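**Q** Supplied structure: structure-v2.cif, mmCIF, C-alpha atoms.
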```cif
data_my_file
loop_
_atom_site.label_atom_id
_atom_site.label_comp_id
_atom_site.auth_asym_id
_atom_site.auth_seq_id
_atom_site.Cartn_x
_atom_site.Cartn_y
_atom_site.Cartn_z
CA MET A 129 -1.88 9.22 -38.72
CA ALA A 130 -2.08 7.60 -35.30
CA SER A 131 -3.41 9.76 -32.49
CA ASN A 132 -1.30 10.52 -29.45
CA PRO A 133 -2.53 8.59 -26.36
CA VAL A 134 -1.46 11.42 -24.02
CA VAL A 135 -3.48 13.91 -26.09
CA ASN A 136 -6.42 11.50 -26.03
CA MET A 137 -6.39 11.57 -22.23
CA PHE A 138 -7.30 15.25 -22.29
CA LYS A 139 -9.78 14.91 -25.15
CA VAL A 140 -12.11 12.63 -23.18
CA LYS A 141 -14.16 14.87 -20.89
CA GLU A 142 -14.87 12.18 -18.27
CA LEU A 143 -11.20 11.18 -18.02
CA ARG A 144 -10.06 14.81 -17.90
CA GLU A 145 -12.48 15.59 -15.07
CA ARG A 146 -11.43 12.49 -13.15
CA MET A 147 -7.74 13.37 -13.48
CA LEU A 148 -8.26 16.98 -12.35
CA PHE A 149 -10.40 15.81 -9.43
CA THR A 150 -7.71 13.33 -8.36
CA LEU A 151 -5.00 16.02 -8.52
CA LEU A 152 -7.19 18.40 -6.48
CA ILE A 153 -7.75 15.82 -3.73
CA LEU A 154 -4.06 14.90 -3.63
CA ALA A 155 -3.20 18.61 -3.33
CA ILE A 156 -5.54 18.86 -0.32
CA VAL A 157 -3.85 15.80 1.24
CA ARG A 158 -0.42 17.36 0.74
CA LEU A 159 -1.64 20.63 2.27
CA GLY A 160 -2.87 18.76 5.35
CA SER A 161 0.52 17.05 5.66
CA VAL A 162 2.30 20.39 6.27
CA LEU A 163 -0.21 21.90 8.73
CA THR A 164 1.21 21.33 12.23
CA ILE A 165 -1.26 20.31 14.95
CA PRO A 166 -2.11 23.00 17.54
CA GLY A 167 0.26 23.30 20.47
CA ILE A 168 3.47 22.33 18.63
CA ASN A 169 6.38 24.67 17.93
CA ALA A 170 7.18 23.70 14.32
CA THR A 171 10.58 25.43 14.29
CA LEU A 172 11.92 23.60 17.36
CA LEU A 173 10.42 20.35 16.08
CA LEU A 174 12.30 20.58 12.76
CA GLN A 175 15.52 21.41 14.60
CA TYR A 176 15.06 18.32 16.79
CA PHE A 177 14.65 15.96 13.85
CA ASP A 178 17.46 17.63 11.88
CA ASN A 179 19.85 17.11 14.81
CA LEU A 180 18.62 13.58 15.52
CA ALA A 181 21.57 11.22 15.40
CA THR A 182 21.42 7.99 13.45
CA GLY A 183 20.08 5.14 15.53
CA ALA A 184 16.89 3.35 16.52
CA GLU A 185 14.92 6.56 17.11
CA SER A 186 16.10 8.06 13.83
CA ALA A 187 15.19 4.86 11.97
CA PHE A 188 11.75 4.86 13.60
CA ALA A 189 11.09 8.52 12.73
CA SER A 190 12.23 8.03 9.11
CA TYR A 191 10.10 4.90 8.78
CA MET A 192 6.93 6.58 10.09
CA ASP A 193 7.62 9.75 8.12
CA PHE A 194 8.11 7.78 4.93
CA PHE A 195 4.55 6.43 4.73
CA ALA A 196 3.05 9.74 5.84
CA GLY A 197 4.88 11.65 3.11
CA GLY A 198 6.82 13.84 5.53
CA ALA A 199 3.78 14.48 7.75
CA PHE A 200 4.99 12.55 10.81
CA GLU A 201 8.09 14.62 11.57
CA ARG A 202 6.03 17.79 11.10
CA PHE A 203 3.38 16.55 13.56
CA SER A 204 0.79 17.55 11.00
CA VAL A 205 -2.96 16.91 11.14
CA PHE A 206 -2.53 14.08 8.59
CA MET A 207 0.51 12.56 10.35
CA LEU A 208 -1.10 9.10 10.69
CA GLY A 209 -2.25 9.05 7.08
CA VAL A 210 -4.29 6.01 6.01
CA MET A 211 -2.24 3.45 7.95
CA PRO A 212 -4.79 3.08 10.81
CA TYR A 213 -7.48 2.36 8.21
CA ILE A 214 -5.37 -0.30 6.51
CA SER A 215 -4.50 -1.89 9.87
CA THR A 216 -8.19 -2.08 10.75
CA GLN A 217 -8.96 -3.59 7.35
CA ILE A 218 -6.40 -6.33 8.01
CA ILE A 219 -7.88 -7.10 11.43
CA LEU A 220 -11.42 -7.31 10.02
CA GLN A 221 -10.39 -9.48 7.07
CA LEU A 222 -8.71 -11.88 9.47
CA ALA A 223 -11.81 -11.84 11.69
CA LEU A 224 -14.04 -12.71 8.68
CA VAL A 225 -11.89 -15.78 8.02
CA ILE A 226 -11.68 -16.86 11.67
CA PHE A 227 -15.35 -16.28 12.61
CA PRO A 228 -17.88 -17.90 10.19
CA SER A 229 -20.77 -15.87 11.64
CA LEU A 230 -19.11 -12.61 10.58
CA LYS A 231 -18.46 -14.04 7.12
CA ARG A 232 -22.15 -14.95 6.74
CA ILE A 233 -23.12 -11.39 7.67
CA ALA A 234 -20.66 -10.02 5.11
CA GLN A 235 -22.14 -12.27 2.38
CA GLU A 236 -25.72 -11.18 3.06
CA GLU A 237 -27.40 -8.37 1.15
CA GLY A 238 -25.90 -5.13 2.41
CA GLY A 239 -23.18 -7.06 4.22
CA GLN A 240 -20.32 -5.22 2.55
CA GLN A 241 -21.76 -1.89 3.71
CA LYS A 242 -21.81 -3.23 7.28
CA VAL A 243 -18.18 -4.36 6.99
CA ALA A 244 -17.22 -0.91 5.63
CA ALA A 245 -18.98 0.75 8.59
CA TRP A 246 -17.24 -1.57 11.07
CA THR A 247 -13.91 -0.74 9.42
CA ARG A 248 -14.43 2.98 9.89
CA ILE A 249 -15.53 2.60 13.51
CA GLY A 250 -12.52 0.37 14.20
CA THR A 251 -10.26 2.92 12.51
CA ILE A 252 -11.39 5.57 14.99
CA PHE A 253 -10.34 3.38 17.92
CA VAL A 254 -6.97 2.58 16.30
CA CYS A 255 -6.43 6.31 15.64
CA ILE A 256 -7.20 7.15 19.29
CA ILE A 257 -4.61 4.62 20.50
CA GLN A 258 -1.97 5.80 18.02
CA SER A 259 -2.68 9.48 18.66
CA LEU A 260 -2.28 8.87 22.41
CA THR A 261 1.18 7.40 21.81
CA ILE A 262 1.96 10.43 19.65
CA THR A 263 1.27 12.76 22.59
CA VAL A 264 3.68 10.68 24.71
CA TYR A 265 6.26 10.92 21.91
CA ALA A 266 5.73 14.70 21.73
CA ASP A 267 6.25 14.94 25.51
CA SER A 268 9.59 13.10 25.21
CA ILE A 269 10.63 15.54 22.46
CA ASN A 270 9.60 18.43 24.72
CA GLN A 271 11.91 17.09 27.43
CA ALA A 272 14.80 16.97 24.94
CA VAL A 273 13.90 20.33 23.38
CA PRO A 274 12.06 22.53 25.95
CA GLY A 275 9.39 24.62 24.30
CA ALA A 276 8.45 22.09 21.60
CA ILE A 277 4.99 21.94 23.21
CA ILE A 278 3.54 25.42 23.57
CA PHE A 279 0.67 24.63 25.94
CA GLU A 280 1.51 24.35 29.64
CA ASN A 281 -1.61 22.29 30.35
CA LYS A 282 -0.51 18.82 29.21
CA LEU A 283 -3.98 17.26 29.51
CA TYR A 284 -5.46 19.95 27.26
CA PHE A 285 -2.68 19.36 24.72
CA LYS A 286 -3.20 15.59 24.75
CA LEU A 287 -6.96 15.82 24.22
CA LEU A 288 -6.58 18.45 21.48
CA ALA A 289 -3.81 16.50 19.71
CA MET A 290 -5.74 13.20 19.88
CA PHE A 291 -8.88 14.84 18.49
CA THR A 292 -6.95 16.66 15.73
CA VAL A 293 -4.90 13.66 14.58
CA THR A 294 -7.87 11.24 14.70
CA THR A 295 -10.04 13.66 12.72
CA GLY A 296 -7.22 14.25 10.25
CA SER A 297 -6.76 10.52 9.65
CA MET A 298 -10.49 9.96 9.07
CA ILE A 299 -10.56 12.93 6.66
CA THR A 300 -7.63 11.38 4.77
CA VAL A 301 -9.55 8.09 4.44
CA TRP A 302 -12.63 10.00 3.24
CA LEU A 303 -10.55 11.88 0.66
CA GLY A 304 -9.14 8.55 -0.54
CA ASP A 305 -12.69 7.23 -0.98
CA GLN A 306 -13.56 10.29 -3.06
CA ILE A 307 -10.67 9.50 -5.42
CA THR A 308 -11.89 5.90 -5.75
CA ASN A 309 -15.46 7.00 -6.51
CA HIS A 310 -14.89 10.10 -8.63
CA GLY A 311 -11.23 10.10 -9.65
CA ILE A 312 -8.59 7.80 -11.13
CA GLY A 313 -7.14 4.75 -9.37
CA ASN A 314 -7.57 3.34 -5.88
CA GLY A 315 -7.84 6.30 -3.53
CA ILE A 316 -6.04 4.81 -0.50
CA SER A 317 -3.16 3.64 -2.67
CA MET A 318 -3.01 7.01 -4.43
CA VAL A 319 -2.67 8.82 -1.09
CA ILE A 320 0.32 6.61 -0.16
CA PHE A 321 1.70 7.02 -3.70
CA ALA A 322 1.52 10.83 -3.43
CA GLY A 323 3.31 10.76 -0.09
CA ILE A 324 6.19 8.74 -1.54
CA VAL A 325 6.48 10.94 -4.64
CA ALA A 326 6.55 14.05 -2.44
CA ARG A 327 9.69 12.69 -0.76
CA LEU A 328 11.59 12.22 -4.04
CA PRO A 329 12.90 15.80 -4.62
CA ASN A 330 14.26 16.11 -1.08
CA ALA A 331 15.85 12.62 -1.29
CA VAL A 332 17.58 13.46 -4.58
CA TYR A 333 18.84 16.75 -3.13
CA GLU A 334 20.12 14.96 -0.02
CA LEU A 335 21.89 12.38 -2.20
CA ILE A 336 23.62 15.09 -4.24
CA LYS A 337 24.76 16.91 -1.10
CA SER A 338 26.07 13.63 0.39
CA VAL A 339 28.12 12.96 -2.75
CA GLN A 340 29.49 16.53 -2.74
CA ARG A 341 30.53 16.20 0.91
CA GLY A 342 32.22 12.89 0.14
CA ASP A 343 29.99 10.91 2.51
CA ILE A 344 28.93 8.57 -0.34
CA ASN A 345 31.17 7.22 -3.08
CA MET A 346 29.96 8.16 -6.58
CA VAL A 347 30.63 4.59 -7.77
CA PHE A 348 28.16 3.29 -5.18
CA VAL A 349 25.57 5.80 -6.42
CA ILE A 350 25.96 4.60 -10.03
CA VAL A 351 25.73 0.94 -8.96
CA ALA A 352 22.64 1.67 -6.85
CA LEU A 353 20.98 3.58 -9.72
CA LEU A 354 21.64 0.69 -12.13
CA MET A 355 20.12 -1.70 -9.58
CA PHE A 356 17.16 0.67 -9.31
CA VAL A 357 16.52 0.60 -13.08
CA VAL A 358 16.88 -3.20 -13.27
CA ILE A 359 14.51 -3.71 -10.34
CA ILE A 360 11.89 -1.43 -11.92
CA ALA A 361 12.07 -3.49 -15.12
CA LEU A 362 11.72 -6.72 -13.13
CA VAL A 363 8.77 -5.35 -11.14
CA VAL A 364 6.97 -4.31 -14.34
CA TYR A 365 7.68 -7.74 -15.84
CA GLU A 366 6.39 -9.48 -12.74
CA GLN A 367 3.27 -7.30 -12.46
CA SER A 368 2.41 -7.79 -16.15
CA GLY A 369 3.07 -11.53 -16.42
CA GLU A 370 0.12 -13.92 -16.18
CA ARG A 371 -0.77 -17.60 -16.38
CA LYS A 372 -3.79 -18.31 -18.60
CA ILE A 373 -6.04 -21.20 -17.56
CA PRO A 374 -8.10 -22.34 -20.60
CA VAL A 375 -11.82 -22.97 -19.99
CA HIS A 376 -14.21 -24.55 -22.51
CA TYR A 377 -17.97 -24.00 -22.19
CA ALA A 378 -20.26 -26.65 -23.69
CA LYS A 379 -23.33 -25.71 -25.70
CA ARG A 380 -26.59 -25.56 -23.76
CA VAL A 381 -30.13 -24.48 -24.60
CA VAL A 382 -31.95 -22.00 -22.37
CA GLY A 383 -35.48 -21.36 -23.65
CA ARG A 384 -35.18 -20.78 -27.35
CA ARG A 385 -31.56 -19.66 -27.27
CA MET A 386 -28.33 -21.61 -27.35
CA TYR A 387 -25.46 -20.53 -25.11
CA GLY A 388 -21.84 -21.66 -24.73
CA GLY A 389 -19.78 -23.59 -27.18
CA GLN A 390 -16.85 -21.23 -26.77
CA SER A 391 -13.38 -21.27 -25.28
CA THR A 392 -11.93 -18.61 -23.01
CA TYR A 393 -9.34 -18.42 -20.24
CA ILE A 394 -8.93 -17.31 -16.64
CA PRO A 395 -5.92 -14.97 -16.25
CA PHE A 396 -3.90 -15.57 -13.07
CA LYS A 397 -1.14 -13.02 -12.54
CA ILE A 398 2.33 -14.16 -11.49
CA ASN A 399 1.74 -12.13 -8.35
CA PRO A 400 -2.08 -12.29 -7.93
CA SER A 401 -2.16 -10.00 -4.88
CA GLY A 402 -0.08 -7.19 -6.41
CA VAL A 403 1.41 -4.74 -3.90
CA ILE A 404 -1.25 -5.46 -1.25
CA PRO A 405 0.92 -7.92 0.82
CA ILE A 406 3.75 -5.43 1.24
CA ILE A 407 1.34 -2.59 2.12
CA PHE A 408 -0.46 -4.85 4.62
CA ALA A 409 2.82 -6.05 6.16
CA SER A 410 4.13 -2.49 6.56
CA SER A 411 0.84 -1.26 8.06
CA PHE A 412 0.62 -4.28 10.37
CA LEU A 413 4.12 -3.55 11.71
CA THR A 414 3.57 0.21 11.98
CA PHE A 415 1.04 -0.09 14.82
CA PRO A 416 3.20 -2.07 17.33
CA LEU A 417 6.33 -0.24 16.14
CA GLN A 418 4.88 3.15 17.02
CA ILE A 419 3.54 2.04 20.40
CA ALA A 420 6.78 0.27 21.36
CA ASN A 421 9.01 3.20 20.37
CA THR A 422 6.93 5.99 21.92
CA LEU A 423 6.26 4.14 25.19
CA SER A 424 9.65 2.38 25.51
CA GLY A 425 10.74 4.77 28.26
CA HIS A 426 7.83 3.70 30.47
CA ALA A 427 8.35 -0.08 30.46
CA THR A 428 11.39 -2.33 30.12
CA TRP A 429 9.60 -4.93 28.00
CA LEU A 430 8.49 -2.25 25.54
CA MET A 431 12.12 -1.19 25.23
CA LYS A 432 12.99 -4.76 24.23
CA VAL A 433 10.13 -4.84 21.72
CA SER A 434 11.35 -1.51 20.32
CA ALA A 435 14.84 -2.96 19.84
CA VAL A 436 13.41 -6.04 18.08
CA LEU A 437 11.24 -3.89 15.79
CA ASN A 438 14.08 -1.60 14.72
CA PRO A 439 13.46 -1.19 10.94
CA LEU A 440 17.18 -1.74 10.32
CA GLY A 441 17.38 -4.85 12.47
CA LEU A 442 17.44 -8.51 11.41
CA CYS A 443 14.36 -9.50 13.43
CA TYR A 444 12.23 -6.77 11.88
CA ASN A 445 13.15 -7.78 8.34
CA ILE A 446 12.53 -11.48 9.05
CA ILE A 447 9.08 -10.67 10.48
CA GLN A 448 8.37 -8.45 7.46
CA VAL A 449 9.30 -11.24 5.02
CA LEU A 450 7.07 -13.75 6.85
CA LEU A 451 4.17 -11.28 6.92
CA ILE A 452 4.52 -10.57 3.18
CA ILE A 453 4.35 -14.29 2.38
CA PHE A 454 1.38 -14.76 4.75
CA PHE A 455 -0.60 -11.83 3.35
CA ALA A 456 0.16 -12.92 -0.23
CA TYR A 457 -1.51 -16.28 0.45
CA PHE A 458 -4.27 -14.77 2.60
CA TYR A 459 -5.27 -11.98 0.19
CA THR A 460 -5.16 -14.28 -2.85
CA GLN A 461 -7.45 -16.79 -1.14
CA VAL A 462 -9.89 -13.99 -0.29
CA THR A 463 -9.95 -12.39 -3.76
CA LEU A 464 -9.36 -15.48 -5.93
CA ASN A 465 -11.17 -18.24 -4.05
CA PRO A 466 -10.60 -21.49 -6.05
CA THR A 467 -13.82 -22.97 -4.60
CA GLU A 468 -15.94 -20.07 -5.91
CA ILE A 469 -14.18 -20.05 -9.29
CA ALA A 470 -14.66 -23.82 -9.73
CA LYS A 471 -18.31 -23.51 -8.70
CA ASN A 472 -18.95 -20.75 -11.27
CA ILE A 473 -17.26 -22.82 -14.01
CA ARG A 474 -19.43 -25.88 -13.24
CA GLU A 475 -22.67 -23.88 -12.98
CA ASN A 476 -22.07 -22.37 -16.42
CA GLY A 477 -21.29 -25.73 -18.02
CA GLY A 478 -17.56 -25.10 -18.30
CA SER A 479 -14.56 -27.33 -17.87
CA ILE A 480 -10.77 -27.08 -17.99
CA PRO A 481 -9.35 -29.29 -20.79
CA GLY A 482 -7.61 -32.36 -19.38
CA ILE A 483 -8.97 -31.80 -15.86
CA ARG A 484 -11.89 -33.76 -14.39
CA THR A 485 -14.80 -31.58 -13.31
CA ASP A 486 -14.57 -32.71 -9.67
CA LYS A 487 -10.82 -31.92 -9.68
CA THR A 488 -11.19 -28.32 -10.93
CA GLU A 489 -10.89 -26.73 -7.50
CA GLU A 490 -7.83 -28.82 -6.62
CA TYR A 491 -6.17 -27.92 -9.94
CA LEU A 492 -6.83 -24.18 -9.52
CA GLN A 493 -5.50 -24.28 -5.96
CA ARG A 494 -2.33 -26.02 -7.13
CA VAL A 495 -1.76 -23.43 -9.86
CA LEU A 496 -2.28 -20.56 -7.42
CA ASN A 497 0.12 -22.07 -4.90
CA ARG A 498 2.80 -22.34 -7.58
CA LEU A 499 2.30 -18.66 -8.45
CA ILE A 500 1.94 -17.23 -4.95
CA LEU A 501 5.13 -18.63 -3.41
CA PRO A 502 7.66 -17.27 -5.96
CA GLY A 503 5.66 -14.04 -6.27
CA SER A 504 5.65 -13.46 -2.50
CA LEU A 505 9.35 -14.35 -2.19
CA TYR A 506 10.09 -11.84 -4.96
CA LEU A 507 8.16 -9.16 -3.03
CA ALA A 508 10.02 -10.07 0.14
CA VAL A 509 13.44 -9.75 -1.51
CA ILE A 510 12.60 -6.30 -2.84
CA ALA A 511 11.15 -5.30 0.55
CA VAL A 512 14.46 -5.87 2.35
CA LEU A 513 16.50 -4.23 -0.41
CA PRO A 514 16.57 -0.74 1.23
CA THR A 515 18.14 -2.21 4.36
CA VAL A 516 20.81 -3.91 2.24
CA ILE A 517 21.51 -0.69 0.32
CA GLN A 518 21.74 1.28 3.54
CA ILE A 519 24.13 -1.17 5.20
CA ILE A 520 26.39 -1.91 2.20
CA PHE A 521 26.43 1.49 0.45
CA LYS A 522 25.98 3.58 3.64
CA PHE A 523 23.09 5.47 2.07
CA PRO A 524 20.85 7.57 4.37
CA GLN A 525 17.59 5.80 5.19
CA SER A 526 15.43 8.40 3.45
CA ILE A 527 17.29 7.71 0.18
CA ALA A 528 17.55 3.94 0.58
CA MET A 529 13.81 3.55 1.18
CA LEU A 530 13.08 5.35 -2.09
CA MET A 531 15.48 3.21 -4.11
CA GLY A 532 13.80 -0.09 -3.42
CA GLY A 533 11.49 -2.03 -1.19
CA THR A 534 7.99 -0.93 -0.30
CA SER A 535 8.24 2.44 -2.02
CA LEU A 536 9.33 1.02 -5.36
CA LEU A 537 6.61 -1.66 -5.38
CA ILE A 538 3.93 0.86 -4.43
CA LEU A 539 5.12 3.37 -7.04
CA VAL A 540 5.21 0.81 -9.87
CA GLY A 541 2.12 -1.13 -8.76
CA VAL A 542 -0.10 1.93 -8.30
CA ASP A 543 1.19 3.42 -11.55
CA LEU A 544 0.35 0.24 -13.51
CA ASP A 545 -3.11 -0.04 -11.92
CA THR A 546 -3.86 3.62 -12.66
CA MET A 547 -2.66 3.23 -16.26
CA SER A 548 -4.95 0.20 -16.65
CA GLN A 549 -7.94 2.26 -15.52
CA VAL A 550 -6.99 5.12 -17.86
CA GLU A 551 -6.56 2.57 -20.66
CA ALA A 552 -10.05 1.16 -20.05
CA LEU A 553 -11.64 4.62 -20.11
CA LEU A 554 -9.82 5.54 -23.33
CA LYS A 555 -10.91 2.34 -25.07
CA MET A 556 -14.47 2.85 -23.86
CA HIS A 557 -14.45 6.18 -25.69
CA HIS A 558 -12.82 4.59 -28.79
CA HIS A 559 -9.41 6.19 -28.35
CA ASP A 560 -5.99 4.56 -28.54
CA GLY A 561 -4.77 3.36 -25.16
CA LEU A 562 -1.53 4.22 -23.44
CA THR A 563 0.02 0.79 -23.99
CA LYS A 564 -1.11 0.11 -27.56
CA ARG A 565 2.44 -0.02 -28.83
CA GLY A 566 4.01 -0.88 -25.48
CA ILE A 567 4.90 -4.17 -23.86
CA LYS A 568 2.02 -6.61 -23.82
CA PRO A 569 1.38 -8.77 -20.76
CA ARG A 570 3.40 -11.95 -20.98
CA SER A 571 1.71 -15.34 -20.75
CA LEU A 572 3.45 -18.18 -19.05
#
```
Starting from the file, give its structure as structure tokens.
**A**
Amino acid sequence: MASNPVVNMFKVKELRERMLFTLLILAIVRLGSVLTIPGINATLLLQYFDNLATGAESAFASYMDFFAGGAFERFSVFMLGVMPYISTQIILQLALVIFPSLKRIAQEEGGQQKVAAWTRIGTIFVCIIQSLTITVYADSINQAVPGAIIFENKLYFKLLAMFTVTTGSMITVWLGDQITNHGIGNGISMVIFAGIVARLPNAVYELIKSVQRGDINMVFVIVALLMFVVIIALVVYEQSGERKIPVHYAKRVVGRRMYGGQSTYIPFKINPSGVIPIIFASSFLTFPLQIANTLSGHATWLMKVSAVLNPLGLCYNIIQVLLIIFFAYFYTQVTLNPTEIAKNIRENGGSIPGIRTDKTEEYLQRVLNRLILPGSLYLAVIAVLPTVIQIIFKFPQSIAMLMGGTSLLILVGVDLDTMSQVEALLKMHHHDGLTKRGIKPRSL
């Protein structure tokens, strides 16, 4: 009788401890997302956002609140989440490519630890800038709703809010690292994943109420749900598909032993970078979006930037598509460097059948280019789907963002990555994996 994979997950002590640890950390993150920063009247704040009319400001608030799992509109201690950390990571990765001296330092012994330290220091500066804009945003809310800020001393409130929000963001990053080291899955991705999942019950309730009020046609809801199911299936198909590059290793003698003489393959996924491009693109846009929206009342040019970066606008979606394509190519080149792969194949006496040894790098680059472009375009299409749903079906933004786009890719991508890690741990302990009788990765 075959054992149940779900039961096996709780039989393995290491896996059980990792799962419980991950759930504990995520519970702490969710607790921090509902604790309002000192000096804010939570009741008046909720009333302000509940009465906020649809428009650019509403779209901005919903967008920021979406990635923070409801923490932004509450002005909680974790309201910035891990986005400043991801933005700093992007800046540093770009700097490593642009400046060869930094890349040499990163490749030295202990270089990765230095890069990690630089990332955290840079995150603090990004948090300080973003937290300063948050205090300006809170002041504008206080003008619209007197009493939203409790403290009369504005300087004291700004310093306290900046310190609280910056500390909260760094704690969130640290908690994500703890999940990576001692739990299941990638910690930073899991924190974002938990924030999206936390929004699901409220979004479903809001959808039901909208249908009961007659604001949304039930036919549109059914069509959107069918689209949702089809897109999930396509995302799983795309994330699981791979192109196998055959590699043959010739026999060679090292000392008294003979090595090689075997054939293997290099698996290239249809979308080699996974959900990273869409997370990077969203984080990269969050920083200027927040600054432009919160400071738009102080400068005319910032007001224009705010209008351009409206999450529902055409310009924003075009920029997002271009950034997704760029980060797909950039991240793939960083993680799957054809030069390094070709070098490793040659050094180990390997070759790709039908390809000259000196043409291996060129061949691998050509294969990657053919995979990256359709994969990135597919990500881009799904990324703009919430805007299309919102415009055509008149769905509220909070619901539309959960029915496609970034949220859907993150939910499916993180879920598949976490299942792969659970699968590996189960097999290591000689238990049946979760996908033993499921869909196997497709080869193209």
**Q** When you draw a straight line from atom CA of Glu145 of chain A to atom CA of Thr300 of chain A, how long is it in Å?
**A**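 Distance reported for this atom pair: 20.9 Å.
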**Q** Evaluating the PyMOL selection byres ((chain A and resi 455) around 8) on the displayed file yields which residues, as a short mmCIF file (atom, residue, chain, number, x, y, z; two decimals) with C-alpha atoms, in the frame of the given file?
**A**
```
data_model
loop_
_atom_site.label_atom_id
_atom_site.label_comp_id
_atom_site.auth_asym_id
_atom_site.auth_seq_id
_atom_site.Cartn_x
_atom_site.Cartn_y
_atom_site.Cartn_z
CA ILE A 404 -1.25 -5.46 -1.25
CA PRO A 405 0.92 -7.92 0.82
CA PHE A 408 -0.46 -4.85 4.62
CA ALA A 409 2.82 -6.05 6.16
CA LEU A 451 4.17 -11.28 6.92
CA ILE A 452 4.52 -10.57 3.18
CA ILE A 453 4.35 -14.29 2.38
CA PHE A 454 1.38 -14.76 4.75
CA ALA A 456 0.16 -12.92 -0.23
CA TYR A 457 -1.51 -16.28 0.45
CA PHE A 458 -4.27 -14.77 2.60
CA TYR A 459 -5.27 -11.98 0.19
#
```
**Q** At a cut-off of 9 Å, using all atoms listed in the file, what residues contact Leu163 of chain A? Leave out same-chain residues fewer than 6 positions from it and give the result as an mmCIF file with C-alpha atoms, in the frame of the given file.
**A**
```cif
data_model
loop_
_atom_site.group_PDB
_atom_site.id
_atom_site.type_symbol
_atom_site.label_atom_id
_atom_site.label_comp_id
_atom_site.auth_asym_id
_atom_site.auth_seq_id
_atom_site.Cartn_x
_atom_site.Cartn_y
_atom_site.Cartn_z
ATOM 1 C CA ALA A 199 3.780 14.480 7.750
ATOM 2 C CA ARG A 202 6.030 17.790 11.100
ATOM 3 C CA PHE A 203 3.380 16.550 13.560
ATOM 4 C CA SER A 204 0.790 17.550 11.000
ATOM 5 C CA VAL A 205 -2.960 16.910 11.140
ATOM 6 C CA PHE A 206 -2.530 14.080 8.590
#
```
**Q** Report, in Å to a single decimal, how far apart atom CA of Leu499 of chain A and atom CA of Ile446 of chain A are.
**A**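 Atom-to-atom, atom CA of Ile446 of chain A to atom CA of Leu499 of chain A, that is 21.5 Å.
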**Q** Could you state the separation of atom CA of Asn445 of chain A and atom CA of Val512 of chain A in Å, given to one decimal place?
**A**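 According to the coordinates, atom CA of Asn445 of chain A and atom CA of Val512 of chain A are separated by 6.4 Å.
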**Q** Please return as an MDAnalysis selection string every residue within 12 Å of (11.2, 19.3, 13.4), taking into account all atoms listed in the file and the file's own coordinates.
**A** chainID A and resid 162 164 168:180 189 193 198:204 266 269:270 273 276:277
**Q** For Lys471 of chain A, work out the shell of residues within 12 Å, counting all atoms listed in the file and skipping chain neighbours fewer than 2 positions away, then give it as a list in words.
**A**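 The residues that qualify are Asn465, Pro466, Thr467, Glu468, Ile469, Ile473, Arg474, Glu475, Asn476, Gly477, Gly478, Ser479, Thr485, Asp486, Lys487, Thr488, Glu489, Glu490 and Leu492 of chain A.
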**Q** Counting all atoms listed in the file, give me one row per residue of segment 393-469 of chain A with an atom at most 12 Å from an atom of segment 315-323 of chain A, showing the shortest contact pair and its distance in Å to one decimal, sorted by chain then residue number, as a tab-separated table.
**A**
```
residue	atom	partner	partner_atom	distance
A:Gly402	CA	A:Ser317	CA	11.9
A:Val403	CA	A:Ser317	CA	9.6
A:Ile404	CA	A:Ser317	CA	9.4
A:Ile407	CA	A:Ser317	CA	9.1
A:Phe408	CA	A:Ser317	CA	11.5
A:Ser410	CA	A:Ile320	CA	11.9
A:Ser411	CA	A:Ile320	CA	11.4
```
**Q** Using only C-alpha atoms, find the one residue out of A:Val325, A:Val495, A:Val332, A:Ile350 that sits nearest to Phe396 of chain A.
**A**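 Closest to Phe396 of chain A, using only C-alpha atoms: A:Val495.
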**Q** Which residue, A:Gln549, A:Thr150, A:Thr247, A:Thr294, has the smallest gap to Ile219 of chain A when you use all atoms listed in the file?
**A**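 So, comparing all the options, the nearest one is A:Thr247.
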**Q** Residues within 10 Å of Ile359 of chain A, please, as JSON, numbers by chain. Count all atoms listed in the file; anything in the same chain fewer than 2 positions from it doesn't count.
**A** {"A": [353, 354, 355, 356, 357, 361, 362, 363, 364, 365, 510, 531, 532, 533, 536, 537]}
**Q** Find, counting only C-alpha atoms, the residue in A:Ile249, A:Met192, A:Ala155, A:Ala470 that gets nearest to Leu417 of chain A.
**A** A:Met192
**Q** Compile the contact shell of Lys282 of chain A as number ranges by chain: residues with an atom at most 10 Å away, counting only C-alpha atoms, same-chain residues fewer than 5 positions apart removed.
**A** A: 167, 263, 267, 277, 287-288
**Q** As a PyMOL selection string, please: the residues near Phe253 of chain A (cut-off 12 Å, all atoms listed in the file, same-chain neighbours under 2 positions excluded).
**A** chain A and resi 212-213+215-216+246-251+255-260+290-291+294-295+297-298
**Q** Which residue out of A:Ala352, A:Ile218, A:Val375, A:Val347 has the minimum interatomic distance to Ile483 of chain A when only C-alpha atoms are used?
**A**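 When distances to Ile483 of chain A are compared using only C-alpha atoms, the smallest one comes from A:Val375.
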**Q** Please determine, counting only C-alpha atoms, which residue among A:Phe138, A:Asp543, A:Ile299, A:Glu236 has the shortest atom-to-atom distance to Met207 of chain A.
**A** A:Ile299
